[in-house]
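The next block holds one structure in the form of structure tokens; read it before the comments.
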Amino acid sequence: MREIRSMLNAVGQSVPRKDGIGKATGQARYADDLRFPGMLHGRTIRSTIPCGRLAAVRLGFDPAGFTVVDHRDIPGRNVVTLIADDQPCLVEREIRHVAEPVLLLAHENREALLGASVALEEEPAEPVFDPERSPTAFKTILIEKGDLAAGFAEADHVVEGTYCTGHQEHVYIEPQAVIAVPEDGGMTVYGSIQCPFYAHRALAVILGDAVARVRVIQTETGGGFGGKEEYPSGIAAHAALLALKSDRPVKLIYDRVEDMLATTKRHPAIVRHRTGLTRDGRLVAMDIEVILDGGAYQTLSAVVLSRGSIHAAGPYRCDNIRIAARAMFTNTPPNGAFRGFGAPQTQFGVEVHMERIAEALGLDPVRLRERNLLRPGDTTATGQRVGQDCAALEVLRTAVRRSGFRRKRKAYAGTGRGIGLAMYWHGSGFTGSGELKLASRATIELTATGVRVLTSSTELGQGTRTMHAQIVADALGVPYEQVEVAMPDTGLVPDSGPTVASRTCMVVGRILQRAAEEIRAKLGDATPAEYFRRHGPLAVTGQYEQPEWIRWDEIDYRGDAYAAYAWGCDVVEVELDRDTWEVRPVRVTVVNEIGKAIHPALARGQVEGGTVQGLGYALLERVVMRNGAMANAQLTNYIIPTTLDTPKLDVVLLEHPYDGGPFGAKGLGELPIDGPAPAVVNAIRQLGIDVRGIPAVPEAIREAACASP
Amino acid sequence: MRTAVSRLELLQPRSLQHALRMLRDEGPLTPLAGATDLYVAVNFGTLDSTRFLNLWGLEPLRRITLCGDTLRIGALATYTSLIRSRLVRQRLPILARAALEVGGVQIQNRGTLGGNVANASPAGDTLPVLAVAEAVVVLRSVDRERRVPFAEFYTGYRQTVRRPDELIVGLEIPPVEGRQWFRKVGTRAAQAISKVVIAAVRGSSPRIALGSVAPTVIRLSQVEHALGAGAGMDEAVHRLDQDIQPIDDLRSTADYRRDVAGNLLQRFWAETGGLSS
């Protein structure tokens, strides 16, 4: 057995994707490909004012053939349940943002549905758009370490700065899409959904006793990036309400405009730094304020704020830190989960600030960072002691060497080229004791030909199915081809927690690895198929086990915030066209330390995709808000980078195994979006332009250039 | 919300004459060719017309020919056919260049030169080229044909002299003397709508046209005159400031457009200087 196992190694190999052939040949079925007998199409009627009351709804069409649903048709509670139950499924009286769902229509003909007019009588009230002037905080967080006043007393220099980041739209290729099917007294929802059990819980609350059972099945999904984490719960409920009332399947698919107008975006942020340093550039005091614009409902703002706060001091050691953070209510569509989850905003702040510190103190930007980066054994802002896998220095040095940073920095001085770098880190999995509360489970069962993996982890294009199968194959000692991965179906799979927070490999993969080892022990020398033939079915369900060293104080925000951190450094070279103020990234070097690349090609794919998404965030993607609504809710005017805008990418993956992850793996999905924006802005700074906000569109760069001395 | 297209009416003419009769007898109709602009309005729910005339099948309007010294481009010539046309590349390479920067390949395969002219967007990529080439817009109705100089074609924001019973059937482009220059500023490498677009010719008297800086595409006649008379760049940029009326909109700002227009004017003059006289 030993010998056989040593010959098998799917982990670390770029094996064929489990979903590759289906997607390449068009056999993969997305929500819009599915048809059910008697199916209707759904449509959502939305508020048009940012704040006020709904006085009346008037149908401007003949209702024959239509199913019409409003809040009175909700059999359970009118709430999309999440952290706080503040967001109604359908507006009753109060309107808190533009594009809030008010009324639902269904008809068998999509065109008839589009032609139906509904007049809303809305009474506007005074909206709040400025998070700093908002009277309502959804959540505040205070992280304190050491003695800030003593730190500033020790400082030879104090540097201050304010850094702003804008909204960002996910632009998943497939818009939001669900189909609700009434079946045998129950309700089954198929959809482009990141977290089937979130939708399942929300549906149970909204449908109440009206259905015997709720089932949620993920369909093949065209990207998520966090945008299909919590938001589909409300859409699933809308489709289910229409299906319940009509007793027919209802398909509800957003077009791009509706998707951009109504659904969540990345939280805009304001980050203020006041930093004390010694003459030689040692950080002695970091006072940081973080303000997130939460939008009109809480959604996940509290947790986004949490991750943003914990990452706000960057991967640096400093004895005296205060991070005061708040997520504020505004009358805009709620902001929600987006790859990075608060960390890109706060790390933009700290890394642009570090560059300004280097400038102010006349220090080399690499040396300033080297002096202050976390080393194994150092403590973070929450007092967590980082482990031996801490690779901050190594990623910096590798990136600097590999990119020729020092040489180019000198060579580019005074030219139209600039080069900048940014350090970053990203905690894997849920914060603190979050994973313990989730208590995720994952199952492996024997089949006639091998094994089947059952989890609620969703394939969103990032490679979940492939990577889980690799882990199970090697842990079990069977060929990768003999491992099947079931589609997430809440009727069949255990709750492995949501597919978010860079946890699917490190946390769920680890549960699978242990379950596979348990099965391996039961099989003895038999293969899974032999055992199945002799003894019949066998399934093992593993459950998350928290590493025993983790201590976390949720009230004081002290302790071990994450089980592991992945580390990164980006070096970006840009070219400025002084006629048009357009900045083009021409080369990006990315060094990421991720524990173990289970599938090197997929891992690189995550890094490349995240980097380009980060470049768009930095330079192009501007959500224009007018009176609380996205005015450029079209791909024509919301500019994301295309392949032609993608620079040369040099990606280096380093592996310092984390012993709590499968084969040493840490989280990777979000890490690469933390670095590009500050690295780009730091490269622009080398051109003598003082940019402190993103998106750094040409108009903003020009203004900054005119203002810079 | 997307427009319900089943409520729209599409008339299918068999020939140009048939199309012109439909325009006269069954109007008002919005002519439709590649539909690339119309579909943006369909998707955004801002389509204001309900009745359309489908010109796409009128093959004779696709021709690109040389008639004496005049380049004749049928209204239905697509961007792709402009890019591929040897005649266009030889005589008016900046038109091929502008066509290359319109949308992506799919848009270039469907979008037409006549459509770009008729749509009358101040951001239309080919319009500054046609302006400096001093093109003539050929309009036809059932009983007559008339030729309108490009400079007289637009009367205001999205307003043209085309009457409801007329179709743009083609553009006539006289020979262009001098070095041609084109630049589109759209912030990403492709699939962008211009924030500023400039076409220029450095001949015995310079010609310069700008898009996205006024309610219509404009010729910078004051600037041309000044540069032609030997004025310096400061003077030219000062006159440019008087010629243009850029605005703040979804895509950019008036300040940015003003600044970039001035910079591109200087760039044009500097890059074409070596070859003049």
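The way I read the labels, and the way they are meant: chains A, B, ... in the order of the structure tokens, residue 1 as the first residue of every chain, and ligand 1 as the first ligand shown, with later ones counted on from there.
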
(message) Using only C-alpha atoms and a cut-off of 8 Å, which residues of chain B sit close to chain A? Please list them as a PyMOL selection string.
(response) chain B and resi 1-7+43-44+185+187-193+250-253+256+260+263-264+267

Write a file of the just-selected residues containing N, CA and C atoms, as a PDB file, in the first residue's frame.
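The result, written out as selection_14.pdb:
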```pdb
ATOM      1  N   MET B   1     -34.681  48.675 -16.835  1.00  0.00           N
ATOM      2  CA  MET B   1     -35.326  47.446 -17.336  1.00  0.00           C
ATOM      3  C   MET B   1     -35.268  47.406 -18.855  1.00  0.00           C
ATOM      4  N   ARG B   2     -34.881  46.268 -19.355  1.00  0.00           N
ATOM      5  CA  ARG B   2     -34.746  46.027 -20.789  1.00  0.00           C
ATOM      6  C   ARG B   2     -36.074  46.308 -21.504  1.00  0.00           C
ATOM      7  N   THR B   3     -35.995  46.808 -22.714  1.00  0.00           N
ATOM      8  CA  THR B   3     -37.184  47.095 -23.502  1.00  0.00           C
ATOM      9  C   THR B   3     -37.781  45.782 -24.027  1.00  0.00           C
ATOM     10  N   ALA B   4     -39.104  45.688 -24.008  1.00  0.00           N
ATOM     11  CA  ALA B   4     -39.766  44.517 -24.582  1.00  0.00           C
ATOM     12  C   ALA B   4     -39.724  44.645 -26.101  1.00  0.00           C
ATOM     13  N   VAL B   5     -38.918  43.828 -26.776  1.00  0.00           N
ATOM     14  CA  VAL B   5     -38.728  44.029 -28.212  1.00  0.00           C
ATOM     15  C   VAL B   5     -39.901  43.511 -29.038  1.00  0.00           C
ATOM     16  N   SER B   6     -40.713  42.633 -28.454  1.00  0.00           N
ATOM     17  CA  SER B   6     -41.829  42.111 -29.241  1.00  0.00           C
ATOM     18  C   SER B   6     -42.869  43.201 -29.532  1.00  0.00           C
ATOM     19  N   ARG B   7     -42.799  44.301 -28.798  1.00  0.00           N
ATOM     20  CA  ARG B   7     -43.752  45.383 -29.052  1.00  0.00           C
ATOM     21  C   ARG B   7     -43.241  46.346 -30.118  1.00  0.00           C
ATOM     22  N   ASN B  43     -31.118  47.526 -24.030  1.00  0.00           N
ATOM     23  CA  ASN B  43     -30.688  46.913 -22.772  1.00  0.00           C
ATOM     24  C   ASN B  43     -30.853  47.853 -21.594  1.00  0.00           C
ATOM     25  N   PHE B  44     -30.711  49.137 -21.828  1.00  0.00           N
ATOM     26  CA  PHE B  44     -30.819  50.090 -20.732  1.00  0.00           C
ATOM     27  C   PHE B  44     -32.265  50.571 -20.553  1.00  0.00           C
ATOM     28  N   VAL B 185      -9.101  58.796 -27.111  1.00  0.00           N
ATOM     29  CA  VAL B 185      -8.816  58.615 -25.694  1.00  0.00           C
ATOM     30  C   VAL B 185     -10.054  57.979 -25.061  1.00  0.00           C
ATOM     31  N   THR B 187      -9.496  55.408 -22.388  1.00  0.00           N
ATOM     32  CA  THR B 187      -9.035  54.905 -21.099  1.00  0.00           C
ATOM     33  C   THR B 187      -8.786  53.406 -21.045  1.00  0.00           C
ATOM     34  N   ARG B 188      -9.465  52.614 -21.830  1.00  0.00           N
ATOM     35  CA  ARG B 188      -8.970  51.243 -21.918  1.00  0.00           C
ATOM     36  C   ARG B 188      -8.673  50.933 -23.370  1.00  0.00           C
ATOM     37  N   ALA B 189      -7.970  49.835 -23.579  1.00  0.00           N
ATOM     38  CA  ALA B 189      -7.364  49.587 -24.882  1.00  0.00           C
ATOM     39  C   ALA B 189      -8.377  49.276 -25.980  1.00  0.00           C
ATOM     40  N   ALA B 190      -9.550  48.775 -25.589  1.00  0.00           N
ATOM     41  CA  ALA B 190     -10.576  48.468 -26.587  1.00  0.00           C
ATOM     42  C   ALA B 190     -11.922  48.570 -25.907  1.00  0.00           C
ATOM     43  N   GLN B 191     -12.988  48.458 -26.675  1.00  0.00           N
ATOM     44  CA  GLN B 191     -14.329  48.449 -26.096  1.00  0.00           C
ATOM     45  C   GLN B 191     -14.580  49.699 -25.266  1.00  0.00           C
ATOM     46  N   ALA B 192     -14.120  50.833 -25.760  1.00  0.00           N
ATOM     47  CA  ALA B 192     -14.300  52.054 -24.979  1.00  0.00           C
ATOM     48  C   ALA B 192     -15.036  53.096 -25.797  1.00  0.00           C
ATOM     49  N   ILE B 193     -15.743  53.967 -25.099  1.00  0.00           N
ATOM     50  CA  ILE B 193     -16.359  55.121 -25.742  1.00  0.00           C
ATOM     51  C   ILE B 193     -15.423  56.295 -25.498  1.00  0.00           C
ATOM     52  N   LEU B 250     -20.958  61.104 -17.364  1.00  0.00           N
ATOM     53  CA  LEU B 250     -20.649  59.814 -16.739  1.00  0.00           C
ATOM     54  C   LEU B 250     -19.223  59.373 -16.991  1.00  0.00           C
ATOM     55  N   ARG B 251     -18.689  59.754 -18.137  1.00  0.00           N
ATOM     56  CA  ARG B 251     -17.416  59.190 -18.545  1.00  0.00           C
ATOM     57  C   ARG B 251     -16.221  60.040 -18.165  1.00  0.00           C
ATOM     58  N   SER B 252     -16.422  61.361 -18.039  1.00  0.00           N
ATOM     59  CA  SER B 252     -15.264  62.204 -17.799  1.00  0.00           C
ATOM     60  C   SER B 252     -15.698  63.581 -17.292  1.00  0.00           C
ATOM     61  N   THR B 253     -14.729  64.505 -17.260  1.00  0.00           N
ATOM     62  CA  THR B 253     -15.036  65.853 -16.783  1.00  0.00           C
ATOM     63  C   THR B 253     -14.671  66.881 -17.854  1.00  0.00           C
ATOM     64  N   TYR B 256     -10.932  67.846 -17.651  1.00  0.00           N
ATOM     65  CA  TYR B 256     -10.056  66.828 -18.239  1.00  0.00           C
ATOM     66  C   TYR B 256     -10.097  66.926 -19.758  1.00  0.00           C
ATOM     67  N   VAL B 260      -6.914  67.662 -22.105  1.00  0.00           N
ATOM     68  CA  VAL B 260      -6.439  66.622 -23.029  1.00  0.00           C
ATOM     69  C   VAL B 260      -6.559  67.088 -24.478  1.00  0.00           C
ATOM     70  N   ASN B 263      -3.600  69.164 -25.101  1.00  0.00           N
ATOM     71  CA  ASN B 263      -2.379  68.347 -25.186  1.00  0.00           C
ATOM     72  C   ASN B 263      -2.289  67.606 -26.511  1.00  0.00           C
ATOM     73  N   LEU B 264      -3.444  67.089 -26.954  1.00  0.00           N
ATOM     74  CA  LEU B 264      -3.417  66.318 -28.200  1.00  0.00           C
ATOM     75  C   LEU B 264      -3.195  67.230 -29.400  1.00  0.00           C
ATOM     76  N   ARG B 267       0.399  67.639 -29.464  1.00  0.00           N
ATOM     77  CA  ARG B 267       1.034  66.393 -29.891  1.00  0.00           C
ATOM     78  C   ARG B 267       0.934  66.232 -31.412  1.00  0.00           C
TER      79      ARG B 267
END
```

Asp489 of chain A surroundings by only C-alpha atoms, 7 Å radius, close-in-sequence under 3 positions cut, as an mmCIF file with N, CA and C atoms, in the first residue's frame:
```cif
data_model
loop_
_atom_site.group_PDB
_atom_site.id
_atom_site.type_symbol
_atom_site.label_atom_id
_atom_site.label_comp_id
_atom_site.auth_asym_id
_atom_site.auth_seq_id
_atom_site.Cartn_x
_atom_site.Cartn_y
_atom_site.Cartn_z
ATOM 1 N N VAL A 216 -31.947 23.599 -1.859
ATOM 2 C CA VAL A 216 -31.229 24.535 -2.730
ATOM 3 C C VAL A 216 -30.125 23.772 -3.450
ATOM 4 N N ILE A 217 -30.097 23.914 -4.760
ATOM 5 C CA ILE A 217 -29.114 23.200 -5.578
ATOM 6 C C ILE A 217 -28.343 24.215 -6.409
ATOM 7 N N GLN A 218 -27.040 24.179 -6.269
ATOM 8 C CA GLN A 218 -26.222 25.082 -7.086
ATOM 9 C C GLN A 218 -26.211 24.607 -8.531
ATOM 10 N N LEU A 492 -28.639 16.743 -0.200
ATOM 11 C CA LEU A 492 -27.709 15.616 -0.261
ATOM 12 C C LEU A 492 -26.407 15.834 0.497
ATOM 13 N N VAL A 493 -25.945 17.069 0.514
ATOM 14 C CA VAL A 493 -24.607 17.306 1.070
ATOM 15 C C VAL A 493 -24.709 17.900 2.473
#
```

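Residues surrounding Ala473 of chain A within 9 Å are Leu8, Asn9, Ala10, Val11, Val451, His468, Ala469, Gly477, Val478, Pro479, Tyr480, Glu481, Gln482, Val483 and Ala516 of chain A [only C-alpha atoms; sequence separation below 4 positions excluded].
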
Any chance you could export the current selection's C-alpha atoms as a PDB file, in the first residue's frame?
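Generated file (again12.pdb):
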```pdb
ATOM      1  CA  LEU A   8       0.100   8.686  -6.597  1.00  0.00           C
ATOM      2  CA  ASN A   9       0.400  12.359  -6.327  1.00  0.00           C
ATOM      3  CA  ALA A  10      -2.407  14.475  -7.632  1.00  0.00           C
ATOM      4  CA  VAL A  11      -1.582  17.230  -5.151  1.00  0.00           C
ATOM      5  CA  VAL A 451     -15.375   7.645  -4.022  1.00  0.00           C
ATOM      6  CA  HIS A 468     -11.008  18.835  -3.319  1.00  0.00           C
ATOM      7  CA  ALA A 469     -10.725  15.755  -5.508  1.00  0.00           C
ATOM      8  CA  GLY A 477      -4.310   6.769  -2.094  1.00  0.00           C
ATOM      9  CA  VAL A 478      -6.574   6.436  -5.132  1.00  0.00           C
ATOM     10  CA  PRO A 479      -6.156   7.865  -8.613  1.00  0.00           C
ATOM     11  CA  TYR A 480      -7.607  11.370  -9.049  1.00  0.00           C
ATOM     12  CA  GLU A 481      -9.908  10.063 -11.790  1.00  0.00           C
ATOM     13  CA  GLN A 482     -11.655   7.788  -9.274  1.00  0.00           C
ATOM     14  CA  VAL A 483     -12.826  10.740  -7.164  1.00  0.00           C
ATOM     15  CA  ALA A 516     -10.244  10.415   3.665  1.00  0.00           C
TER      16      ALA A 516
END
```

(message) Env of segment 223-233 of chain A: 8 Å cut, atoms = only C-alpha atoms, seq-sep filter 2 positions within chain, self excluded. Answer as a PyMOL selection string.
(response) chain A and resi 80+82+170+172-174+176-178+192-195+198-200+202-203+221+235-237+263-265+299-300+336-339+460-461+498-500

Keeping only C-alpha atoms, write the selected residues as a compact mmCIF listing (two decimals), in the first residue's frame.
```
# COMPACT_ATOMS: atom_id res chain seq x y z
CA VAL A 80 -33.72 38.23 4.34
CA LEU A 82 -28.39 37.14 7.78
CA HIS A 170 -18.18 42.22 -9.20
CA TYR A 172 -19.28 38.06 -12.71
CA ILE A 173 -19.83 36.89 -16.28
CA GLU A 174 -23.15 35.25 -15.43
CA GLN A 176 -27.70 36.65 -10.78
CA ALA A 177 -29.96 33.74 -11.70
CA VAL A 178 -32.29 31.37 -9.83
CA SER A 192 -26.04 30.56 -9.46
CA ILE A 193 -25.33 30.58 -5.76
CA GLN A 194 -22.09 30.67 -3.76
CA CYS A 195 -23.58 29.55 -0.45
CA TYR A 198 -27.35 30.69 3.29
CA ALA A 199 -30.14 30.65 0.72
CA HIS A 200 -31.64 27.60 2.43
CA ALA A 202 -33.26 32.55 4.27
CA LEU A 203 -35.91 30.61 2.35
CA THR A 221 -21.93 29.14 -11.85
CA ILE A 235 -33.50 36.55 -5.15
CA ALA A 236 -34.13 32.89 -4.30
CA ALA A 237 -36.88 34.05 -1.96
CA THR A 263 -26.97 44.16 -6.21
CA THR A 264 -24.16 44.63 -3.72
CA LYS A 265 -20.73 46.14 -4.38
CA THR A 299 -25.84 42.51 5.05
CA LEU A 300 -22.28 41.44 5.94
CA GLY A 336 -21.67 43.34 0.60
CA ALA A 337 -19.15 40.58 0.20
CA PHE A 338 -16.47 41.07 -2.42
CA ARG A 339 -13.21 39.16 -2.75
CA LEU A 460 -17.33 29.21 -9.07
CA GLY A 461 -14.56 28.83 -11.61
CA PRO A 498 -20.05 29.04 2.86
CA THR A 499 -17.64 29.19 -0.08
CA VAL A 500 -16.02 32.43 1.04
```

Within 10 Å of segment 109-118 of chain B using only C-alpha atoms, minus same-chain residues under 5 positions, as a compact mmCIF listing (two decimals) with C-alpha atoms, in the first residue's frame:
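Output file around21.txt follows:
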```
# COMPACT_ATOMS: atom_id res chain seq x y z
CA PRO B 31 -33.62 53.42 -39.82
CA LEU B 32 -31.68 50.50 -38.41
CA ALA B 33 -28.54 48.91 -39.84
CA GLY B 34 -26.07 47.19 -37.49
CA ALA B 35 -28.25 48.15 -34.48
CA THR B 36 -25.17 48.47 -32.31
CA ASP B 37 -26.28 51.78 -30.79
CA TRP B 56 -29.17 45.63 -43.20
CA LEU B 61 -25.14 50.37 -49.94
CA ARG B 62 -22.09 48.43 -48.74
CA ILE B 73 -18.30 54.70 -49.12
CA GLY B 74 -21.76 53.20 -48.95
CA ALA B 75 -23.66 53.92 -45.75
CA LEU B 76 -23.78 50.24 -44.86
CA ALA B 77 -20.02 49.71 -45.06
CA THR B 78 -19.11 48.13 -41.75
CA TYR B 79 -16.12 49.09 -39.65
CA THR B 80 -14.60 45.75 -40.57
CA SER B 81 -14.95 46.50 -44.27
CA LEU B 82 -13.38 49.94 -43.73
CA LEU B 95 -10.72 56.24 -41.10
CA ALA B 99 -12.79 51.95 -37.26
CA VAL B 102 -14.64 51.16 -32.35
CA GLY B 103 -15.92 48.60 -29.80
CA GLY B 104 -14.66 45.07 -30.34
CA ALA B 123 -18.47 60.78 -29.30
CA GLY B 124 -18.78 58.97 -32.67
CA ASP B 125 -15.27 57.75 -33.48
CA THR B 126 -15.36 58.23 -37.25
CA LEU B 127 -16.94 61.67 -37.20
CA LEU B 130 -15.10 62.66 -41.83
CA VAL B 137 -23.12 63.18 -46.83
CA VAL B 138 -25.31 61.80 -49.59
CA PHE B 150 -20.22 67.29 -43.43
CA PHE B 153 -24.81 68.04 -41.40
CA TYR B 154 -25.14 68.45 -37.63
CA ARG B 158 -27.96 64.54 -31.78
CA GLN B 159 -29.64 66.76 -34.37
CA THR B 160 -28.98 66.54 -38.11
CA ARG B 162 -31.63 64.61 -42.40
CA LEU B 167 -31.73 58.02 -45.79
CA ILE B 168 -28.01 58.48 -45.65
CA VAL B 169 -26.91 56.37 -48.61
CA GLY B 170 -23.22 57.11 -48.56
CA LEU B 171 -20.30 59.41 -47.97
```

(request) Write out as a PyMOL selection string the residues lying within 8 Å of Gly416 of chain A, counting only C-alpha atoms and excluding same-chain residues fewer than 2 positions away. (result) chain A and resi 412+414+418+575-578+687

Please extract the residues of segment 35-181 of chain B with a backbone DSSP assignment of strand (DSSP E) and present them as a PDB file with C-alpha atoms, in the first residue's frame.
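And here's out-v4.pdb as it stands now:
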```
ATOM      1  CA  ARG B  51     -40.967  51.492 -35.353  1.00  0.00           C
ATOM      2  CA  PHE B  52     -37.862  50.620 -37.300  1.00  0.00           C
ATOM      3  CA  LEU B  53     -36.762  50.192 -40.895  1.00  0.00           C
ATOM      4  CA  ASN B  54     -34.237  47.410 -41.421  1.00  0.00           C
ATOM      5  CA  ILE B  64     -16.563  51.174 -51.273  1.00  0.00           C
ATOM      6  CA  THR B  65     -15.476  52.555 -54.643  1.00  0.00           C
ATOM      7  CA  LEU B  66     -13.359  55.185 -56.259  1.00  0.00           C
ATOM      8  CA  CYS B  67     -15.239  57.497 -58.588  1.00  0.00           C
ATOM      9  CA  THR B  70     -13.644  60.753 -54.953  1.00  0.00           C
ATOM     10  CA  LEU B  71     -13.775  57.892 -52.488  1.00  0.00           C
ATOM     11  CA  ARG B  72     -17.366  56.714 -52.185  1.00  0.00           C
ATOM     12  CA  ILE B  73     -18.299  54.705 -49.123  1.00  0.00           C
ATOM     13  CA  GLY B  74     -21.759  53.203 -48.950  1.00  0.00           C
ATOM     14  CA  VAL B 136     -20.090  64.965 -48.224  1.00  0.00           C
ATOM     15  CA  VAL B 137     -23.124  63.176 -46.830  1.00  0.00           C
ATOM     16  CA  VAL B 138     -25.313  61.801 -49.587  1.00  0.00           C
ATOM     17  CA  LEU B 139     -28.985  61.814 -48.641  1.00  0.00           C
ATOM     18  CA  ARG B 140     -31.717  60.309 -50.715  1.00  0.00           C
ATOM     19  CA  GLU B 145     -30.834  63.083 -53.849  1.00  0.00           C
ATOM     20  CA  ARG B 146     -28.926  65.862 -52.133  1.00  0.00           C
ATOM     21  CA  ARG B 147     -25.352  66.294 -50.969  1.00  0.00           C
ATOM     22  CA  VAL B 148     -24.652  67.978 -47.670  1.00  0.00           C
ATOM     23  CA  PRO B 149     -21.148  69.028 -46.660  1.00  0.00           C
ATOM     24  CA  TYR B 154     -25.142  68.447 -37.626  1.00  0.00           C
ATOM     25  CA  THR B 155     -27.262  71.223 -36.190  1.00  0.00           C
ATOM     26  CA  GLY B 156     -27.121  70.432 -32.479  1.00  0.00           C
ATOM     27  CA  GLN B 159     -29.643  66.762 -34.375  1.00  0.00           C
ATOM     28  CA  THR B 160     -28.981  66.535 -38.113  1.00  0.00           C
ATOM     29  CA  LEU B 167     -31.729  58.016 -45.785  1.00  0.00           C
ATOM     30  CA  ILE B 168     -28.007  58.478 -45.647  1.00  0.00           C
ATOM     31  CA  VAL B 169     -26.907  56.367 -48.606  1.00  0.00           C
ATOM     32  CA  GLY B 170     -23.216  57.110 -48.564  1.00  0.00           C
ATOM     33  CA  LEU B 171     -20.302  59.413 -47.973  1.00  0.00           C
ATOM     34  CA  GLU B 172     -18.130  61.008 -50.621  1.00  0.00           C
ATOM     35  CA  ILE B 173     -14.616  61.817 -49.681  1.00  0.00           C
ATOM     36  CA  ARG B 179      -0.285  64.059 -43.198  1.00  0.00           C
ATOM     37  CA  GLN B 180      -3.210  62.445 -41.384  1.00  0.00           C
ATOM     38  CA  TRP B 181      -3.309  62.023 -37.625  1.00  0.00           C
TER      39      TRP B 181
END
```

(message) Report as a VMD selection string all protein, DNA and RNA residues lying within 10 Å of Glu183 of chain A, evaluated on only C-alpha atoms, omitting residues in the same chain fewer than 2 positions from it.
(response) chain A and resid 180 to 181 185 to 188 211 to 215 247 to 249

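The shortest atom-to-atom distance to Leu220 of chain B, with only C-alpha atoms taken into account, belongs to B:Pro206 out of B:Pro206, B:Pro175, B:Gly186, B:Gly45.
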
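For the residues B:Ser205, B:Ala151, B:Ala41, B:Gln266, ranking by smallest atom-to-atom distance to Gly230 of chain B using only C-alpha atoms places B:Ser205 first.
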
(request) Check segment 484-635 of chain A with DSSP on the backbone and list each residue it calls helix (DSSP H, G or I), as a ChimeraX atom specification. (result) /A:504-523,528-535,600-619

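The smallest atom-to-atom distance between Gly232 of chain B and any of B:Leu265, B:Glu271, B:Arg219, B:Glu177, using only C-alpha atoms, is found for B:Leu265.
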
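Put simply, atom CA of Arg258 of chain B is 9.0 Å away from atom CA of Val196 of chain B.
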
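Shortest separation to Arg46 of chain A among A:Ala629, A:Leu512, A:Val350, A:Leu653 occurs at residue A:Ala629, atoms counted being only C-alpha atoms.
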
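Among the candidates A:Thr431, A:Gly559, A:Asp650, A:Gly628, the one nearest to Gly605 of chain A when counting only C-alpha atoms is A:Asp650.
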